[in-house]
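What follows is a set of notes on a single structure, which appears directly below.
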Amino acid sequence: MTSPSVSGRGGADPAALDPEERMSRDELTALQTERLQRSVRHAAGNVDHYRRAFADAGIDPREVRSLDDLARLPLTSKEELRQNYPFGMFAVPRTQVARVHASSGTTGRPTVVGYTADDLTTWAAVGARSLRAAGVRPGDLVHNAYGYGLFTGGLGAHAAAETLGCTVIPMSGGMTGRQVQLIDDLKPDVILCTPTYMLTIIDGLRAAGLDPEQTSLQIGVFGAEPWTPALRDELEREAGIDALDIYGLSEVIGPGVGCECIETKDGTTLWEDHFYPEILDPVTGEVLPDGELGELVFTSLTKQAMPVIRYRTKDLTRLLPGTARPMRRMERISGRVDDMIILRGVNVFPTQIEELALAIPGLSPHFQIHLSQPQRMDVMTIRVEAAADAAAVAGPGNTLRQPIKDRIGVSAEVEVVPPASLERSSGKLRRVFDQRAGG
Ligand code: DLL
């Protein structure tokens, strides 16, 4: 599924890579093992939660010698981080914490994460490594439209680009008209934002009478929400850019846990020298072999302020062998366990709808999924905008209903709505609106 480079940019010069990116699997395993031992002792020695969890599981942290021993350690959930709100998971005194971020919990308390000055350096380094993998080069002008503030995207991507040696435009999200103007005036090479916000920027360029394909932009590094290869094709075609996938989460470090490499565009290479991945069966908690679909779990190997041991991300993916780098890749996230819709017993992810809607010429990628329960029966209604240039509005809706039935196995109502009528977001987009009892 490798799509060719649109911008003509290729992979990084091997001499520019970090030594860890070129390590053989054996060298990497040795480094991971040594770092794992240190990280486990650091967590168990300095965080009450881990001290207790290890004791409850009857594990002496000094017994953790190999990567295989990891499977014996207790898992960590977001709920446990919440229970230790705000600073209970820190392994260093608060005065040594240089910065905090918080992830916006959709319900209840947010999760606070912290970084020492060294952690911030590590984060900027893996972020710079990510952007370099995506084809960004020192000297590039980078338009950063991830939100600045407690959200990890803006400041994380900012430090990554600066560390790589780029010139950064700290736009943050929102004020699309202004984003469009600055893209036209400053002529950035690279844009960083969520993939759905890039769609909004493309619409904004058009509304301003500009041709999105003709801007100065060559590369977009998109993440923070699930998106599909079909949306990559759309963004590449509409904006004339290479569109690369960057992954991360606040609890593990932020953007830059892994990133796609421009020379292969075949899934996110995970920076395994800092974050050790496992895939679990989300129900039984059993570790699954590489290649199997399950919940992604990370153990931090170098973090000081807030080490995480076997943290359950709730993201569903599979681990794949390395290609552009010896480190392993993961397949695009198909969705979060939380976002999975269970409709009359069938599991549905918004990414499946995205893929099918994008295959129909008269439809746009802007859609919402509404779930309701008239007469106690679950009903899924897809509200999707017609493409701006669609001749007929009613026709394409019918053409979406059938592939949903054939490919996903559920019946859905499809309402085609006028262009630009659905809500946009400058950050993570909400796709699912569940009005069912208990939804
Ligand atoms: O969204 C980190 C980030 C910022 C990544 C900017 C990339 C770019 P959180 O707000 O803590 O951190 O949300 C983390 O977002 O567990 C996934 O569910 C989702 N996510 C992040 N990147 C991707 C991606 C940031 N590339 C949660 N594909 C994660 C799919 C993603 N989902």
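We name chains A, B, ... following the order of the structure tokens; residues begin at 1 in each chain, and ligands are numbered from 1 as shown.
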
Residues within 6 Å of ligand 1 should be enumerated using only C-alpha atoms and all ligand atoms and returned as a list of chain:residue names.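 So, counting only C-alpha atoms and all ligand atoms, the residues near ligand 1 are A:Ser103, A:Thr152, A:Gly153, A:Gly223, A:Ala224, A:Glu225, A:Pro226, A:Asp245, A:Ile246, A:Tyr247, A:Gly248, A:Leu249, A:Ser250, A:Gly254, A:Pro255, A:Thr313, A:Asp315, A:Ile333, A:Arg336.
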
Set the distance at 9 Å and use only C-alpha atoms: which residues neighbour Thr196 of chain A once local chain neighbours fewer than 4 positions away are removed? I'd like the list as a PDB file with N, CA, C and O atoms, in the first residue's frame.
```
ATOM      1  N   THR A 200     -10.584  21.033   6.515  1.00  0.00           N
ATOM      2  CA  THR A 200     -11.179  22.361   6.706  1.00  0.00           C
ATOM      3  C   THR A 200     -10.290  23.445   6.097  1.00  0.00           C
ATOM      4  O   THR A 200     -10.777  24.399   5.485  1.00  0.00           O
ATOM      5  N   ILE A 201      -8.978  23.271   6.258  1.00  0.00           N
ATOM      6  CA  ILE A 201      -8.054  24.259   5.678  1.00  0.00           C
ATOM      7  C   ILE A 201      -8.144  24.226   4.145  1.00  0.00           C
ATOM      8  O   ILE A 201      -8.149  25.274   3.485  1.00  0.00           O
ATOM      9  N   PHE A 222       0.140  14.402   9.952  1.00  0.00           N
ATOM     10  CA  PHE A 222      -1.188  14.442  10.552  1.00  0.00           C
ATOM     11  C   PHE A 222      -1.353  13.336  11.593  1.00  0.00           C
ATOM     12  O   PHE A 222      -0.902  12.208  11.386  1.00  0.00           O
ATOM     13  N   GLU A 225      -5.858  11.714  15.783  1.00  0.00           N
ATOM     14  CA  GLU A 225      -7.168  11.058  15.626  1.00  0.00           C
ATOM     15  C   GLU A 225      -7.014   9.991  14.542  1.00  0.00           C
ATOM     16  O   GLU A 225      -6.137  10.102  13.678  1.00  0.00           O
ATOM     17  N   TRP A 227      -7.425   8.006  11.174  1.00  0.00           N
ATOM     18  CA  TRP A 227      -7.741   8.371   9.790  1.00  0.00           C
ATOM     19  C   TRP A 227      -7.309   7.227   8.888  1.00  0.00           C
ATOM     20  O   TRP A 227      -6.524   6.377   9.293  1.00  0.00           O
ATOM     21  N   LEU A 231      -8.402   8.613   3.282  1.00  0.00           N
ATOM     22  CA  LEU A 231      -8.278  10.051   3.575  1.00  0.00           C
ATOM     23  C   LEU A 231      -6.878  10.546   3.198  1.00  0.00           C
ATOM     24  O   LEU A 231      -6.713  11.669   2.740  1.00  0.00           O
ATOM     25  N   PRO A 365     -15.625  13.899   2.644  1.00  0.00           N
ATOM     26  CA  PRO A 365     -15.197  13.133   3.827  1.00  0.00           C
ATOM     27  C   PRO A 365     -15.780  13.669   5.134  1.00  0.00           C
ATOM     28  O   PRO A 365     -15.415  13.194   6.197  1.00  0.00           O
ATOM     29  N   HIS A 366     -16.660  14.671   5.061  1.00  0.00           N
ATOM     30  CA  HIS A 366     -17.250  15.226   6.283  1.00  0.00           C
ATOM     31  C   HIS A 366     -18.507  14.449   6.633  1.00  0.00           C
ATOM     32  O   HIS A 366     -19.504  14.521   5.909  1.00  0.00           O
ATOM     33  N   ARG A 424     -17.284  21.604  12.226  1.00  0.00           N
ATOM     34  CA  ARG A 424     -15.861  21.338  12.013  1.00  0.00           C
ATOM     35  C   ARG A 424     -15.141  21.469  13.339  1.00  0.00           C
ATOM     36  O   ARG A 424     -15.638  22.099  14.266  1.00  0.00           O
ATOM     37  N   SER A 425     -13.939  20.896  13.428  1.00  0.00           N
ATOM     38  CA  SER A 425     -13.139  21.084  14.636  1.00  0.00           C
ATOM     39  C   SER A 425     -11.720  21.411  14.223  1.00  0.00           C
ATOM     40  O   SER A 425     -11.237  20.921  13.204  1.00  0.00           O
ATOM     41  N   SER A 426     -11.058  22.250  15.014  1.00  0.00           N
ATOM     42  CA  SER A 426      -9.663  22.541  14.676  1.00  0.00           C
ATOM     43  C   SER A 426      -8.738  21.534  15.350  1.00  0.00           C
ATOM     44  O   SER A 426      -7.544  21.553  15.158  1.00  0.00           O
ATOM     45  N   GLY A 427      -9.317  20.644  16.171  1.00  0.00           N
ATOM     46  CA  GLY A 427      -8.497  19.611  16.825  1.00  0.00           C
ATOM     47  C   GLY A 427      -9.059  18.244  16.511  1.00  0.00           C
ATOM     48  O   GLY A 427      -9.361  17.948  15.363  1.00  0.00           O
ATOM     49  N   LYS A 428      -9.214  17.435  17.559  1.00  0.00           N
ATOM     50  CA  LYS A 428      -9.787  16.107  17.351  1.00  0.00           C
ATOM     51  C   LYS A 428     -11.267  16.271  17.026  1.00  0.00           C
ATOM     52  O   LYS A 428     -11.984  16.938  17.748  1.00  0.00           O
ATOM     53  N   LEU A 429     -11.707  15.612  15.969  1.00  0.00           N
ATOM     54  CA  LEU A 429     -13.099  15.765  15.546  1.00  0.00           C
ATOM     55  C   LEU A 429     -13.975  14.717  16.210  1.00  0.00           C
ATOM     56  O   LEU A 429     -13.617  13.552  16.280  1.00  0.00           O
TER      57      LEU A 429
END
```

Give the strand (DSSP E) residues of segment 118-231 of chain A, as DSSP finds them on the backbone, and put them as a compact mmCIF listing (two decimals) with N, CA and C atoms, in the first residue's frame.
```
# COMPACT_ATOMS: atom_id res chain seq x y z
N LEU A 141 10.17 25.55 6.45
CA LEU A 141 9.25 26.44 7.17
C LEU A 141 8.01 25.63 7.54
N VAL A 142 7.73 25.54 8.84
CA VAL A 142 6.71 24.61 9.35
C VAL A 142 5.54 25.38 9.96
N HIS A 143 4.36 25.17 9.40
CA HIS A 143 3.12 25.79 9.89
C HIS A 143 2.49 24.80 10.88
N ASN A 144 2.53 25.16 12.17
CA ASN A 144 2.05 24.21 13.19
C ASN A 144 0.65 24.59 13.65
N THR A 167 12.12 26.34 10.81
CA THR A 167 11.55 27.61 11.25
C THR A 167 10.08 27.33 11.54
N VAL A 168 9.63 27.66 12.75
CA VAL A 168 8.26 27.29 13.14
C VAL A 168 7.33 28.49 13.14
N ILE A 169 6.16 28.31 12.56
CA ILE A 169 5.07 29.29 12.66
C ILE A 169 4.09 28.72 13.69
N VAL A 190 5.73 22.85 5.16
CA VAL A 190 5.17 21.73 5.92
C VAL A 190 3.99 22.23 6.75
N ILE A 191 2.95 21.40 6.85
CA ILE A 191 1.85 21.72 7.77
C ILE A 191 1.65 20.57 8.75
N LEU A 192 1.38 20.95 10.00
CA LEU A 192 1.14 19.96 11.06
C LEU A 192 -0.24 20.26 11.65
N CYS A 193 -1.16 19.31 11.58
CA CYS A 193 -2.48 19.48 12.18
C CYS A 193 -3.21 18.14 12.16
N ILE A 219 4.49 18.86 2.43
CA ILE A 219 4.31 17.72 3.35
C ILE A 219 3.32 18.10 4.45
N GLY A 220 2.45 17.14 4.81
CA GLY A 220 1.59 17.31 5.97
C GLY A 220 1.85 16.15 6.92
N VAL A 221 2.01 16.44 8.21
CA VAL A 221 2.21 15.37 9.19
C VAL A 221 1.01 15.41 10.12
N PHE A 222 0.14 14.40 9.95
CA PHE A 222 -1.19 14.44 10.55
C PHE A 222 -1.35 13.34 11.59
N GLY A 223 -2.04 13.66 12.68
CA GLY A 223 -2.28 12.66 13.71
C GLY A 223 -3.24 13.19 14.75
```

So that I can check the surroundings of Val283 of chain A, please list as a PyMOL selection string every protein, DNA and RNA residue that reaches within 12 Å of it, counting only C-alpha atoms and ignoring chain neighbours fewer than 4 positions away. chain A and resi 279+287-288+294-295+312+314+337

Export N, CA, C and O atoms of the chosen residues as a short mmCIF file (atom, residue, chain, number, x, y, z; two decimals), in the first residue's frame?
```cif
data_model
loop_
_atom_site.label_atom_id
_atom_site.label_comp_id
_atom_site.auth_asym_id
_atom_site.auth_seq_id
_atom_site.Cartn_x
_atom_site.Cartn_y
_atom_site.Cartn_z
N ILE A 279 1.01 -5.95 22.20
CA ILE A 279 -0.40 -6.01 21.77
C ILE A 279 -1.09 -7.05 22.64
O ILE A 279 -0.61 -8.17 22.79
N VAL A 287 -1.11 -11.50 26.05
CA VAL A 287 -0.22 -10.90 25.05
C VAL A 287 -0.36 -11.65 23.74
O VAL A 287 -0.32 -12.88 23.71
N LEU A 288 -0.53 -10.90 22.65
CA LEU A 288 -0.69 -11.52 21.34
C LEU A 288 0.60 -11.40 20.54
O LEU A 288 1.36 -10.44 20.71
N GLY A 294 -5.03 -6.16 18.20
CA GLY A 294 -5.41 -6.07 19.60
C GLY A 294 -5.12 -4.69 20.16
O GLY A 294 -4.90 -3.74 19.39
N GLU A 295 -5.13 -4.58 21.48
CA GLU A 295 -4.93 -3.27 22.13
C GLU A 295 -3.44 -3.01 22.32
O GLU A 295 -2.70 -3.85 22.83
N ARG A 312 -2.22 0.79 29.07
CA ARG A 312 -3.21 0.39 28.06
C ARG A 312 -3.70 1.61 27.32
O ARG A 312 -4.36 2.47 27.91
N LYS A 314 -5.84 1.70 24.76
CA LYS A 314 -7.18 1.53 24.19
C LYS A 314 -7.20 1.68 22.68
O LYS A 314 -8.26 1.68 22.05
N VAL A 337 -10.85 1.49 21.48
CA VAL A 337 -11.83 0.58 22.08
C VAL A 337 -13.07 1.40 22.45
O VAL A 337 -14.21 1.00 22.21
#
```

Students should find that atom CA of Val40 of chain A and atom CA of Arg129 of chain A are spaced 25.3 Å

If you count only C-alpha atoms, which residues fall within 7 Å of Ser334 of chain A, apart from same-chain ones fewer than 3 positions away, as a compact mmCIF listing (two decimals) with N, CA and C atoms, in the first residue's frame?
```txt
# COMPACT_ATOMS: atom_id res chain seq x y z
N PRO A 226 -7.85 8.97 14.60
CA PRO A 226 -7.76 7.93 13.57
C PRO A 226 -8.13 8.46 12.19
N LEU A 316 -6.50 0.28 18.94
CA LEU A 316 -6.46 -1.05 18.32
C LEU A 316 -5.58 -1.04 17.07
N THR A 317 -4.63 -1.95 17.03
CA THR A 317 -3.71 -2.03 15.90
C THR A 317 -3.00 -3.38 15.94
N THR A 351 -13.75 4.78 11.27
CA THR A 351 -12.81 4.72 10.13
C THR A 351 -13.38 3.87 8.99
```

Compare A:Ala53, A:Thr111, A:Pro326, A:Ser300 by their minimum atom-to-atom distance to Glu27 of chain A, counting only C-alpha atoms, and give me the closest one.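 The shortest atom-to-atom distance to Glu27 of chain A comes from A:Pro326.
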
For Arg325 of chain A, work out the shell of residues within 10 Å, counting only C-alpha atoms and skipping chain neighbours fewer than 4 positions away, then give it as a PDB file with all heavy atoms, in the first residue's frame.
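Wrote it out as result38.pdb, contents follow:
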```
ATOM      1  N   LEU A  17      20.444   9.978  10.495  1.00  0.00           N
ATOM      2  CA  LEU A  17      19.589   9.277  11.455  1.00  0.00           C
ATOM      3  C   LEU A  17      20.257   9.186  12.827  1.00  0.00           C
ATOM      4  O   LEU A  17      21.489   9.240  12.940  1.00  0.00           O
ATOM      5  CB  LEU A  17      19.290   7.851  10.961  1.00  0.00           C
ATOM      6  CG  LEU A  17      18.577   7.722   9.609  1.00  0.00           C
ATOM      7  CD1 LEU A  17      18.299   6.252   9.301  1.00  0.00           C
ATOM      8  CD2 LEU A  17      17.289   8.520   9.588  1.00  0.00           C
ATOM      9  N   GLU A  20      20.345   5.027  17.203  1.00  0.00           N
ATOM     10  CA  GLU A  20      19.356   4.008  17.605  1.00  0.00           C
ATOM     11  C   GLU A  20      18.479   3.579  16.430  1.00  0.00           C
ATOM     12  O   GLU A  20      17.985   2.463  16.397  1.00  0.00           O
ATOM     13  CB  GLU A  20      18.453   4.528  18.739  1.00  0.00           C
ATOM     14  CG  GLU A  20      19.168   4.760  20.054  1.00  0.00           C
ATOM     15  CD  GLU A  20      19.873   6.109  20.111  1.00  0.00           C
ATOM     16  OE1 GLU A  20      19.871   6.857  19.103  1.00  0.00           O
ATOM     17  OE2 GLU A  20      20.451   6.418  21.175  1.00  0.00           O
ATOM     18  N   GLU A  21      18.265   4.507  15.477  1.00  0.00           N
ATOM     19  CA  GLU A  21      17.419   4.176  14.324  1.00  0.00           C
ATOM     20  C   GLU A  21      18.094   3.169  13.406  1.00  0.00           C
ATOM     21  O   GLU A  21      17.447   2.576  12.546  1.00  0.00           O
ATOM     22  CB  GLU A  21      17.125   5.442  13.501  1.00  0.00           C
ATOM     23  CG  GLU A  21      16.089   6.336  14.085  1.00  0.00           C
ATOM     24  CD  GLU A  21      15.902   7.587  13.233  1.00  0.00           C
ATOM     25  OE1 GLU A  21      16.635   8.580  13.459  1.00  0.00           O
ATOM     26  OE2 GLU A  21      15.055   7.581  12.338  1.00  0.00           O
ATOM     27  N   ARG A  22      19.419   3.044  13.542  1.00  0.00           N
ATOM     28  CA  ARG A  22      20.146   2.132  12.647  1.00  0.00           C
ATOM     29  C   ARG A  22      20.562   0.856  13.352  1.00  0.00           C
ATOM     30  O   ARG A  22      21.223   0.003  12.782  1.00  0.00           O
ATOM     31  CB  ARG A  22      21.380   2.852  12.093  1.00  0.00           C
ATOM     32  CG  ARG A  22      21.005   3.910  11.068  1.00  0.00           C
ATOM     33  CD  ARG A  22      22.207   4.637  10.552  1.00  0.00           C
ATOM     34  NE  ARG A  22      22.721   5.564  11.562  1.00  0.00           N
ATOM     35  CZ  ARG A  22      23.939   6.076  11.548  1.00  0.00           C
ATOM     36  NH1 ARG A  22      24.796   5.719  10.629  1.00  0.00           N
ATOM     37  NH2 ARG A  22      24.305   6.919  12.477  1.00  0.00           N
ATOM     38  N   MET A  23      20.195   0.727  14.639  1.00  0.00           N
ATOM     39  CA  MET A  23      20.622  -0.457  15.396  1.00  0.00           C
ATOM     40  C   MET A  23      20.026  -1.733  14.820  1.00  0.00           C
ATOM     41  O   MET A  23      18.884  -1.735  14.364  1.00  0.00           O
ATOM     42  CB  MET A  23      20.141  -0.357  16.849  1.00  0.00           C
ATOM     43  CG  MET A  23      21.019   0.493  17.709  1.00  0.00           C
ATOM     44  SD  MET A  23      20.388   0.445  19.407  1.00  0.00           S
ATOM     45  CE  MET A  23      21.718   1.355  20.199  1.00  0.00           C
ATOM     46  N   SER A  24      20.778  -2.816  14.914  1.00  0.00           N
ATOM     47  CA  SER A  24      20.226  -4.122  14.539  1.00  0.00           C
ATOM     48  C   SER A  24      19.213  -4.521  15.612  1.00  0.00           C
ATOM     49  O   SER A  24      19.190  -3.955  16.713  1.00  0.00           O
ATOM     50  CB  SER A  24      21.344  -5.164  14.484  1.00  0.00           C
ATOM     51  OG  SER A  24      21.835  -5.366  15.802  1.00  0.00           O
ATOM     52  N   ALA A 133      11.608  11.496   9.696  1.00  0.00           N
ATOM     53  CA  ALA A 133      11.114  10.284   9.021  1.00  0.00           C
ATOM     54  C   ALA A 133      10.034  10.650   8.006  1.00  0.00           C
ATOM     55  O   ALA A 133       9.949  10.051   6.935  1.00  0.00           O
ATOM     56  CB  ALA A 133      10.565   9.301  10.052  1.00  0.00           C
ATOM     57  N   CYS A 261       7.409   6.702   7.776  1.00  0.00           N
ATOM     58  CA  CYS A 261       8.581   7.121   7.009  1.00  0.00           C
ATOM     59  C   CYS A 261       8.141   7.420   5.581  1.00  0.00           C
ATOM     60  O   CYS A 261       7.390   6.639   4.987  1.00  0.00           O
ATOM     61  CB  CYS A 261       9.635   6.018   7.005  1.00  0.00           C
ATOM     62  SG  CYS A 261      10.266   5.646   8.660  1.00  0.00           S
ATOM     63  N   THR A 269       6.373   3.769  12.209  1.00  0.00           N
ATOM     64  CA  THR A 269       7.515   3.138  12.874  1.00  0.00           C
ATOM     65  C   THR A 269       7.513   3.609  14.329  1.00  0.00           C
ATOM     66  O   THR A 269       7.454   4.811  14.600  1.00  0.00           O
ATOM     67  CB  THR A 269       8.844   3.542  12.196  1.00  0.00           C
ATOM     68  OG1 THR A 269       8.813   3.089  10.839  1.00  0.00           O
ATOM     69  CG2 THR A 269      10.042   2.918  12.912  1.00  0.00           C
ATOM     70  N   LEU A 270       7.528   2.656  15.250  1.00  0.00           N
ATOM     71  CA  LEU A 270       7.491   3.008  16.681  1.00  0.00           C
ATOM     72  C   LEU A 270       8.917   3.164  17.197  1.00  0.00           C
ATOM     73  O   LEU A 270       9.779   2.323  16.904  1.00  0.00           O
ATOM     74  CB  LEU A 270       6.762   1.913  17.459  1.00  0.00           C
ATOM     75  CG  LEU A 270       5.269   1.783  17.132  1.00  0.00           C
ATOM     76  CD1 LEU A 270       4.673   0.552  17.808  1.00  0.00           C
ATOM     77  CD2 LEU A 270       4.503   3.038  17.572  1.00  0.00           C
ATOM     78  N   TRP A 271       9.154   4.223  17.942  1.00  0.00           N
ATOM     79  CA  TRP A 271      10.516   4.482  18.451  1.00  0.00           C
ATOM     80  C   TRP A 271      10.727   3.611  19.692  1.00  0.00           C
ATOM     81  O   TRP A 271      10.605   4.030  20.825  1.00  0.00           O
ATOM     82  CB  TRP A 271      10.717   5.976  18.706  1.00  0.00           C
ATOM     83  CG  TRP A 271      10.368   6.818  17.507  1.00  0.00           C
ATOM     84  CD1 TRP A 271       9.566   7.904  17.490  1.00  0.00           C
ATOM     85  CD2 TRP A 271      10.809   6.642  16.133  1.00  0.00           C
ATOM     86  NE1 TRP A 271       9.462   8.413  16.214  1.00  0.00           N
ATOM     87  CE2 TRP A 271      10.208   7.658  15.362  1.00  0.00           C
ATOM     88  CE3 TRP A 271      11.637   5.717  15.471  1.00  0.00           C
ATOM     89  CZ2 TRP A 271      10.419   7.781  13.980  1.00  0.00           C
ATOM     90  CZ3 TRP A 271      11.830   5.844  14.099  1.00  0.00           C
ATOM     91  CH2 TRP A 271      11.237   6.861  13.386  1.00  0.00           C
ATOM     92  N   PRO A 321       6.689  -6.052  11.212  1.00  0.00           N
ATOM     93  CA  PRO A 321       8.144  -5.946  11.185  1.00  0.00           C
ATOM     94  C   PRO A 321       8.606  -4.623  10.572  1.00  0.00           C
ATOM     95  O   PRO A 321       7.869  -3.999   9.806  1.00  0.00           O
ATOM     96  CB  PRO A 321       8.569  -7.130  10.297  1.00  0.00           C
ATOM     97  CG  PRO A 321       7.353  -7.535   9.554  1.00  0.00           C
ATOM     98  CD  PRO A 321       6.161  -7.112  10.350  1.00  0.00           C
ATOM     99  N   ARG A 329       6.937  -1.572  13.136  1.00  0.00           N
ATOM    100  CA  ARG A 329       5.881  -0.631  12.757  1.00  0.00           C
ATOM    101  C   ARG A 329       4.577  -1.074  13.382  1.00  0.00           C
ATOM    102  O   ARG A 329       4.451  -2.201  13.854  1.00  0.00           O
ATOM    103  CB  ARG A 329       5.654  -0.652  11.232  1.00  0.00           C
ATOM    104  CG  ARG A 329       6.749  -0.058  10.405  1.00  0.00           C
ATOM    105  CD  ARG A 329       6.540  -0.448   8.948  1.00  0.00           C
ATOM    106  NE  ARG A 329       6.534  -1.888   8.786  1.00  0.00           N
ATOM    107  CZ  ARG A 329       5.698  -2.559   7.987  1.00  0.00           C
ATOM    108  NH1 ARG A 329       4.780  -1.943   7.267  1.00  0.00           N
ATOM    109  NH2 ARG A 329       5.764  -3.870   7.899  1.00  0.00           N
TER     110      ARG A 329
END
```

I'd like the interatomic distance between atom CA of Gly291 of chain A and atom CA of Glu331 of chain A, to a tenth of an Å.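 Answer for the atom CA of Gly291 of chain A to atom CA of Glu331 of chain A separation: 9.1 Å.
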
Given only C-alpha atoms as the counted atoms, nearest of A:Arg99, A:Arg407, A:Arg310, A:Arg376 to Leu73 of chain A: A:Arg310
